[in-house]
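> Starting off with a structure, shown below.
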Amino acid sequence: MDNIANKGFKINSKDGVRNTIRNFFLDSLTAKHYNAVMLPMMVPSRDSYAWIIIKDPDILKNADPIAPIMPVNAAIALKRYTRKGKGKSKIAVLMRPCEIRATIELAKLNQVNLEDVTLFSYDCPGALPMQDFIADPKEKTSVFDKILQDQNWTSNAVKPICQSCDNFSLPATDVHFAFHAENIYLIPNSKKGETFCESLKLDPKVNLTDWMNNITQINAKKAKIREKDFTVVKSMVEGFDNLQETFANCIGCHNCGSSCPICYCRQCYFDTSVSEPNSDVIMMRAQDRGGISLPLDRLMFHIGRMAHMSLSCVSCGLCSDACPVDIPVSKIFSYMAAKTQKTFEYKAGANIGDALPMKEYKIDELGELGKLVKSAEVQESSSE
Ligand code: SF4
Ligand code: SF4
């Protein structure tokens with residue numbers, strides 16, 4: 001957040017956060033800045049939300065830009081839209097910061113095309129746990145409204161992973177809505193965002209120092225909660241016996257993988273027939289160990305997933321929401337992700353320009369082999 005102190009514009013916020021943002025997109029759609037806007041909208045049964053690509057301003061009036069829950073990570077929705085290319089339309093998408101981070105990771109993996117997409121984000125109050133919301137949507141909506149109104153960034157009504165999220169503001173987005181006291185600021189955060197904000201001919205820029213200081217303080221508080229959480233998670237996952245015990249009640253439904261924006265393989269090995277040995281092979285394994293638990297490979301599924309995607313885990317919490325037996329999957333994955341990302345000096349979704357460690361290697365990472373490669377390269381270039 002170092003270079004944005006004087007970059008924001010104050011926008012008229014007299015209608016409150018939700019209405020201001022909804023009207024902002026309504027104006028953008030009507031003025032044809034975008035051909036469509038992607039926002040969450042309550043489903044007809046009024047107990048969940050869906051992502052809608054909206055072209056009709058009348059429909060946009062019913063959208064809820066800041067939904068209390070996050071049933072699907074927006075990166076998955078956007079992936080579905082741009083999977084076969086960018087299309088002919090310019091669209092604006094409003095997401096939570098963790099959804100922006102997931103989108104950035106997917107863009108690096110060629111799963112999302114951002115060419116004609118403008119990413120908007122906002123200071124995120126967190127999302128309520130799905131099961132809490134479904135149990136009483138009306139009452140939980142008022143709980144969330146109050147959190148939003150009070151700008152209560154440390155509420156313990158939101159998902160545990162959100163309570164400890166120290167990345168809840170200004171991700172690598174194009175335009176960010178910042179909330180501070182009764183003010184809403186619009187912050188361009190990329191060339192694309194700057195061009196868009198210039199086209200709006202907004203009032204003079206404002207100083208964002210107070211807002212930035214506030215965010216820094218809250219991030220520090222949340223980082224402490226995260227540290228505390230990780231101490232508990234460490235004891236749950238370090239060592240094979242602990243890991244086995246933690247996932248002992250896993251029913252092998254794979255919901256955690258299906259809901260994860262980063263688990264993007266079209267065909268997961270654990271859902272193929274190759275991972276389903278026949279009865280004789282199963283019996284052989286039972287013979288070797290004295291017995292075998294079914295469904296097979298439940299722990300292997302999690303270890304495989306950790307190895308596969310922990311470098312890109314963005315701590316969105318979707319996996320925990322999807323788990324029917326309340327395993328704190330997101331805290332566990334977040335803990336593993338913090339470790340692997342630190343090892344590779346990488347932060348998932350922080351910057352579109354940072355290469356994915358698995359796609360780009362640094363010669364020094366290879367130790368002795370790296371030195372041999374380097375000297376071979378030198379010899380080759382000197383003999384050319
Ligand atoms: S592992 Fe869980 S917390 Fe991490 S990105 Fe996937 S769904 Fe989100
Ligand atoms: S969602 Fe829960 S029960 Fe299902 S596979 Fe994942 S950890 Fe196991």
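Residues in the structure tokens are numbered from 1 in each chain, the chains being A, B, ... in the order shown, and ligands are numbered from 1 in the order shown.
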Please write out the residues within 8 Å of ligand 2 as an NGL selection string, counting only C-alpha atoms and all ligand atoms.

:A and (247 or 249-257 or 298 or 301-302 or 319-320 or 322-329)

> Taking only region 19-252 of chain A into account, list the residues labelled helix (DSSP H, G or I) by DSSP (computed from the backbone), as a PyMOL selection string.

chain A and resi 19-30+57-60+74-82+97-108+130-135+137-150+160-163+191-199+209-237+240-246

> Mind checking which residues fall within 12 Å of Ser190 (chain A), counting only C-alpha atoms, ignoring those fewer than 4 positions away in the same chain, and posting them as a list of chain:residue names?

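Once the adjacent positions are removed, what remains is A:Asn3, A:Ile4, A:Lys7, A:Thr118, A:Leu119, A:Phe120, A:Leu170, A:Pro171, A:Ala172, A:Thr173, A:Asp174, A:Val175, A:His176, A:Glu194, A:Thr195, A:Phe196, A:Cys197, A:Asn351, A:Ile352.
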
> Taking C-alpha atoms for each residue, export the selection above as an mmCIF file, in the first residue's frame.


data_model
loop_
_atom_site.group_PDB
_atom_site.id
_atom_site.type_symbol
_atom_site.label_atom_id
_atom_site.label_comp_id
_atom_site.auth_asym_id
_atom_site.auth_seq_id
_atom_site.Cartn_x
_atom_site.Cartn_y
_atom_site.Cartn_z
ATOM 1 C CA ASN A 3 2.306 4.227 -3.384
ATOM 2 C CA ILE A 4 -1.355 5.046 -3.247
ATOM 3 C CA LYS A 7 -4.633 8.136 -5.491
ATOM 4 C CA THR A 118 -12.051 -5.020 -15.036
ATOM 5 C CA LEU A 119 -11.662 -6.335 -11.503
ATOM 6 C CA PHE A 120 -13.241 -4.317 -8.699
ATOM 7 C CA LEU A 170 -6.673 -3.659 -1.645
ATOM 8 C CA PRO A 171 -5.620 -6.799 -3.500
ATOM 9 C CA ALA A 172 -4.054 -6.778 -7.012
ATOM 10 C CA THR A 173 -7.269 -5.377 -8.410
ATOM 11 C CA ASP A 174 -7.999 -2.749 -11.085
ATOM 12 C CA VAL A 175 -10.249 -0.569 -8.901
ATOM 13 C CA HIS A 176 -10.856 -0.789 -5.148
ATOM 14 C CA GLU A 194 -6.721 4.480 -13.936
ATOM 15 C CA THR A 195 -8.102 4.811 -17.469
ATOM 16 C CA PHE A 196 -11.553 3.879 -16.205
ATOM 17 C CA CYS A 197 -11.462 6.324 -13.262
ATOM 18 C CA ASN A 351 0.778 -9.807 -8.125
ATOM 19 C CA ILE A 352 0.007 -10.913 -11.659
#

> Distance limit 9 Å, reference ligand 1, atoms considered: only C-alpha atoms and all ligand atoms. Which residues make the cut? Give them as number ranges by chain.

A: 73, 98-99, 102, 161, 256-263, 305-306, 309-310, 312-322, 329-334, 337

> Could you save those same residues with N, CA and C atoms as a compact mmCIF listing (two decimals), in the first residue's frame?


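Below you can see result_15.txt, which holds the result:
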# COMPACT_ATOMS: atom_id res chain seq x y z
N ASN A 73 -16.69 -19.29 -5.11
CA ASN A 73 -15.65 -18.28 -5.28
C ASN A 73 -15.82 -17.65 -6.66
N CYS A 98 -10.00 -12.10 -1.52
CA CYS A 98 -9.50 -13.47 -1.70
C CYS A 98 -9.93 -14.02 -3.06
N GLU A 99 -11.08 -13.53 -3.56
CA GLU A 99 -11.54 -13.98 -4.88
C GLU A 99 -10.66 -13.35 -5.98
N ALA A 102 -7.53 -15.40 -6.03
CA ALA A 102 -7.74 -16.67 -6.74
C ALA A 102 -7.79 -16.41 -8.25
N ILE A 161 -11.73 -18.33 9.06
CA ILE A 161 -10.62 -17.96 8.17
C ILE A 161 -10.66 -16.46 7.85
N CYS A 256 -14.45 -30.49 -0.68
CA CYS A 256 -13.44 -29.44 -0.45
C CYS A 256 -12.68 -29.14 -1.73
N GLY A 257 -12.36 -30.19 -2.49
CA GLY A 257 -11.65 -29.99 -3.75
C GLY A 257 -12.55 -29.36 -4.81
N SER A 258 -13.82 -29.82 -4.88
CA SER A 258 -14.71 -29.28 -5.92
C SER A 258 -15.00 -27.80 -5.71
N SER A 259 -15.02 -27.36 -4.44
CA SER A 259 -15.38 -25.96 -4.19
C SER A 259 -14.15 -25.04 -4.26
N CYS A 260 -12.96 -25.63 -4.30
CA CYS A 260 -11.73 -24.82 -4.26
C CYS A 260 -11.45 -24.19 -5.63
N PRO A 261 -11.26 -22.86 -5.66
CA PRO A 261 -11.00 -22.22 -6.96
C PRO A 261 -9.67 -22.66 -7.57
N ILE A 262 -8.75 -23.09 -6.71
CA ILE A 262 -7.41 -23.40 -7.21
C ILE A 262 -7.31 -24.85 -7.70
N CYS A 263 -8.16 -25.72 -7.17
CA CYS A 263 -8.17 -27.12 -7.60
C CYS A 263 -8.85 -27.16 -8.97
N ARG A 305 -3.73 -33.07 -2.61
CA ARG A 305 -4.22 -31.71 -2.85
C ARG A 305 -3.25 -30.67 -2.29
N MET A 306 -2.72 -30.96 -1.09
CA MET A 306 -1.77 -30.01 -0.48
C MET A 306 -0.55 -29.84 -1.37
N MET A 309 -1.66 -27.85 -4.73
CA MET A 309 -2.12 -26.47 -4.84
C MET A 309 -1.82 -25.55 -3.66
N SER A 310 -1.00 -26.03 -2.70
CA SER A 310 -0.82 -25.15 -1.55
C SER A 310 -0.02 -23.89 -1.90
N SER A 312 -0.73 -22.03 -4.25
CA SER A 312 -1.69 -21.06 -4.78
C SER A 312 -2.92 -20.87 -3.89
N CYS A 313 -2.98 -21.56 -2.75
CA CYS A 313 -4.14 -21.41 -1.85
C CYS A 313 -4.24 -19.95 -1.41
N VAL A 314 -5.46 -19.40 -1.49
CA VAL A 314 -5.64 -17.97 -1.17
C VAL A 314 -6.42 -17.79 0.14
N SER A 315 -6.61 -18.87 0.89
CA SER A 315 -7.31 -18.81 2.18
C SER A 315 -8.72 -18.23 2.06
N CYS A 316 -9.47 -18.71 1.07
CA CYS A 316 -10.83 -18.16 0.88
C CYS A 316 -11.85 -18.84 1.78
N GLY A 317 -11.54 -20.03 2.27
CA GLY A 317 -12.44 -20.71 3.20
C GLY A 317 -13.56 -21.51 2.56
N LEU A 318 -13.61 -21.57 1.22
CA LEU A 318 -14.69 -22.31 0.56
C LEU A 318 -14.68 -23.79 0.93
N CYS A 319 -13.48 -24.35 1.11
CA CYS A 319 -13.38 -25.79 1.42
C CYS A 319 -14.01 -26.11 2.77
N SER A 320 -13.83 -25.22 3.76
CA SER A 320 -14.44 -25.47 5.07
C SER A 320 -15.95 -25.37 4.99
N ASP A 321 -16.44 -24.37 4.24
CA ASP A 321 -17.89 -24.21 4.06
C ASP A 321 -18.51 -25.46 3.45
N ALA A 322 -17.72 -26.14 2.57
CA ALA A 322 -18.27 -27.27 1.83
C ALA A 322 -18.16 -28.59 2.58
N VAL A 329 -10.84 -27.53 7.16
CA VAL A 329 -9.97 -27.73 6.00
C VAL A 329 -9.22 -26.44 5.62
N SER A 330 -9.95 -25.31 5.64
CA SER A 330 -9.30 -24.08 5.14
C SER A 330 -8.17 -23.64 6.07
N LYS A 331 -8.35 -23.81 7.37
CA LYS A 331 -7.26 -23.42 8.28
C LYS A 331 -6.04 -24.32 8.04
N ILE A 332 -6.32 -25.60 7.82
CA ILE A 332 -5.23 -26.55 7.60
C ILE A 332 -4.49 -26.20 6.29
N PHE A 333 -5.27 -25.95 5.24
CA PHE A 333 -4.64 -25.63 3.96
C PHE A 333 -3.94 -24.28 4.01
N SER A 334 -4.54 -23.36 4.73
CA SER A 334 -3.95 -22.03 4.87
C SER A 334 -2.59 -22.14 5.58
N ALA A 337 -0.19 -23.68 3.21
CA ALA A 337 0.11 -22.69 2.16
C ALA A 337 1.11 -21.66 2.67

> Just give me the gap between CA of Ile134 (chain A) and CA of Trp153 (chain A) in Å, one decimal is fine.

22.3 Å

> Just the residues within 7 Å of region 138-151 of chain A, please, counting only C-alpha atoms, with nothing from its chain fewer than 5 positions along; format it as a CSV table (one decimal) with C-alpha atoms, in the first residue's frame.


chain,number,residue,atom,x,y,z
A,68,PRO,CA,-23.2,-12.0,3.4
A,125,PRO,CA,-15.8,-7.5,6.3
A,133,PHE,CA,-26.6,-18.4,7.1

> Looking at only C-alpha atoms, which of A:Pro129, A:Pro204, A:Pro97, A:Gly349 is the one that sits closest to Ser169 (chain A)?

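So, comparing all the options, the nearest one is A:Pro97.
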
> With only C-alpha atoms as the atoms that count, which of A:Lys159, A:Pro65, A:Gln287, A:Thr246 lies nearest to Val232 (chain A)?

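Comparing A:Lys159, A:Pro65, A:Gln287, A:Thr246 against Val232 (chain A), the winner is A:Thr246.
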
> For Val37 (chain A), please output as a ChimeraX atom specification all residues within 12 Å (counting only C-alpha atoms; exclusion window: fewer than 3 positions along the same chain).

/A:21-30,32-34,40-41,51-57,59-61,63,65,78,89-95,116-120

> Pick the closest to Leu186 (chain A) from A:Asn207, A:Ser45, A:Thr103, A:Asn167: which is it, counting only C-alpha atoms?

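Of all the options, A:Asn207 lies closest to Leu186 (chain A).
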
> From a DSSP calculation on the backbone, collect every residue of region 22-172 of chain A in strand (DSSP E or B) and output the set as a compact mmCIF listing (two decimals) with C-alpha atoms, in the first residue's frame.


# COMPACT_ATOMS: atom_id res chain seq x y z
CA ALA A 36 -22.16 -6.37 -18.53
CA VAL A 37 -21.48 -6.48 -14.80
CA MET A 38 -20.96 -9.64 -12.74
CA LEU A 39 -22.37 -9.36 -9.23
CA PRO A 40 -23.93 -11.68 -6.62
CA MET A 41 -27.72 -11.84 -6.40
CA MET A 42 -30.00 -13.57 -3.90
CA TYR A 49 -26.62 -16.18 -3.55
CA ALA A 50 -25.53 -16.82 -7.13
CA TRP A 51 -23.15 -15.00 -9.45
CA ILE A 52 -25.05 -13.29 -12.26
CA ILE A 53 -23.63 -11.68 -15.41
CA ILE A 54 -26.03 -8.79 -15.77
CA ILE A 91 -17.25 -6.75 -18.23
CA ALA A 92 -16.84 -5.39 -14.71
CA VAL A 93 -16.66 -7.88 -11.84
CA LEU A 94 -16.86 -7.04 -8.14
CA MET A 95 -15.15 -9.56 -5.86
CA VAL A 117 -12.41 -7.83 -17.57
CA THR A 118 -12.05 -5.02 -15.04
CA LEU A 119 -11.66 -6.34 -11.50
CA PHE A 120 -13.24 -4.32 -8.70
CA SER A 121 -12.71 -5.16 -5.03
CA TYR A 122 -13.66 -3.73 -1.64

> What's the 10 Å shell around Tyr185 (chain A), counting only C-alpha atoms, without same-chain residues fewer than 4 positions away, as a list of chain:residue names?

A:Lys7, A:Gly8, A:Phe9, A:Lys10, A:Ile11, A:Asn12, A:Ser13, A:Tyr122, A:His176, A:Phe177, A:Ala178, A:Phe179, A:His180, A:Lys205, A:Val206, A:Asn207, A:Leu208, A:Trp211

> Go ahead and save the picked residues with N, CA and C atoms, as a PDB file, in the first residue's frame.


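Below is the file selection02.pdb, written as the result:
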ATOM      1  N   LYS A   7      -4.075   8.646  -4.241  1.00  0.00           N
ATOM      2  CA  LYS A   7      -4.633   8.136  -5.491  1.00  0.00           C
ATOM      3  C   LYS A   7      -6.157   8.023  -5.508  1.00  0.00           C
ATOM      4  N   GLY A   8      -6.796   8.126  -4.334  1.00  0.00           N
ATOM      5  CA  GLY A   8      -8.218   7.816  -4.272  1.00  0.00           C
ATOM      6  C   GLY A   8      -9.123   8.993  -4.602  1.00  0.00           C
ATOM      7  N   PHE A   9     -10.359   8.672  -4.957  1.00  0.00           N
ATOM      8  CA  PHE A   9     -11.383   9.686  -5.178  1.00  0.00           C
ATOM      9  C   PHE A   9     -12.505   9.418  -4.183  1.00  0.00           C
ATOM     10  N   LYS A  10     -13.048  10.493  -3.618  1.00  0.00           N
ATOM     11  CA  LYS A  10     -14.175  10.312  -2.705  1.00  0.00           C
ATOM     12  C   LYS A  10     -15.437  10.230  -3.558  1.00  0.00           C
ATOM     13  N   ILE A  11     -16.270   9.227  -3.292  1.00  0.00           N
ATOM     14  CA  ILE A  11     -17.516   9.195  -4.059  1.00  0.00           C
ATOM     15  C   ILE A  11     -18.698   9.419  -3.112  1.00  0.00           C
ATOM     16  N   ASN A  12     -19.792   9.840  -3.694  1.00  0.00           N
ATOM     17  CA  ASN A  12     -20.968  10.175  -2.885  1.00  0.00           C
ATOM     18  C   ASN A  12     -21.502   8.908  -2.207  1.00  0.00           C
ATOM     19  N   SER A  13     -21.458   8.886  -0.872  1.00  0.00           N
ATOM     20  CA  SER A  13     -21.808   7.651  -0.171  1.00  0.00           C
ATOM     21  C   SER A  13     -23.067   7.791   0.682  1.00  0.00           C
ATOM     22  N   TYR A 122     -13.233  -4.624  -2.730  1.00  0.00           N
ATOM     23  CA  TYR A 122     -13.655  -3.728  -1.638  1.00  0.00           C
ATOM     24  C   TYR A 122     -13.049  -4.206  -0.329  1.00  0.00           C
ATOM     25  N   HIS A 176     -10.481  -0.322  -6.494  1.00  0.00           N
ATOM     26  CA  HIS A 176     -10.856  -0.789  -5.148  1.00  0.00           C
ATOM     27  C   HIS A 176     -11.797   0.222  -4.491  1.00  0.00           C
ATOM     28  N   PHE A 177     -12.834  -0.289  -3.833  1.00  0.00           N
ATOM     29  CA  PHE A 177     -13.697   0.562  -3.003  1.00  0.00           C
ATOM     30  C   PHE A 177     -13.178   0.468  -1.571  1.00  0.00           C
ATOM     31  N   ALA A 178     -12.742   1.606  -1.028  1.00  0.00           N
ATOM     32  CA  ALA A 178     -12.234   1.630   0.350  1.00  0.00           C
ATOM     33  C   ALA A 178     -13.277   2.296   1.232  1.00  0.00           C
ATOM     34  N   PHE A 179     -13.513   1.705   2.403  1.00  0.00           N
ATOM     35  CA  PHE A 179     -14.509   2.261   3.328  1.00  0.00           C
ATOM     36  C   PHE A 179     -13.787   2.823   4.542  1.00  0.00           C
ATOM     37  N   HIS A 180     -14.102   4.066   4.874  1.00  0.00           N
ATOM     38  CA  HIS A 180     -13.508   4.637   6.085  1.00  0.00           C
ATOM     39  C   HIS A 180     -14.484   5.627   6.703  1.00  0.00           C
ATOM     40  N   LYS A 205      -8.494  14.261  -6.261  1.00  0.00           N
ATOM     41  CA  LYS A 205      -8.055  13.118  -5.457  1.00  0.00           C
ATOM     42  C   LYS A 205      -8.009  13.462  -3.973  1.00  0.00           C
ATOM     43  N   VAL A 206      -8.175  12.419  -3.139  1.00  0.00           N
ATOM     44  CA  VAL A 206      -8.127  12.662  -1.694  1.00  0.00           C
ATOM     45  C   VAL A 206      -6.931  11.935  -1.097  1.00  0.00           C
ATOM     46  N   ASN A 207      -6.555  12.370   0.100  1.00  0.00           N
ATOM     47  CA  ASN A 207      -5.457  11.717   0.791  1.00  0.00           C
ATOM     48  C   ASN A 207      -5.988  10.493   1.538  1.00  0.00           C
ATOM     49  N   LEU A 208      -5.354   9.358   1.327  1.00  0.00           N
ATOM     50  CA  LEU A 208      -5.872   8.103   1.887  1.00  0.00           C
ATOM     51  C   LEU A 208      -5.138   7.663   3.155  1.00  0.00           C
ATOM     52  N   TRP A 211      -7.216   6.172   6.102  1.00  0.00           N
ATOM     53  CA  TRP A 211      -7.757   4.853   5.757  1.00  0.00           C
ATOM     54  C   TRP A 211      -6.649   3.804   5.784  1.00  0.00           C
TER      55      TRP A 211
END

> Which residue, A:Thr20, A:Gln131, A:Ile100, A:Met283, has the smallest gap to Ala350 (chain A) when you use only C-alpha atoms?

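Closest residue, counting only C-alpha atoms: A:Ile100.
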
> Do you know which residues are at most 12 Å from Asp354 (chain A) counting only C-alpha atoms, after dropping those on the same chain fewer than 3 positions away, and could you put them as a count of residues only?

18

> For CA of Gly239 (chain A) and CA of Ala307 (chain A), determine how far apart the two atoms are, in Å to one decimal place.

15.9 Å
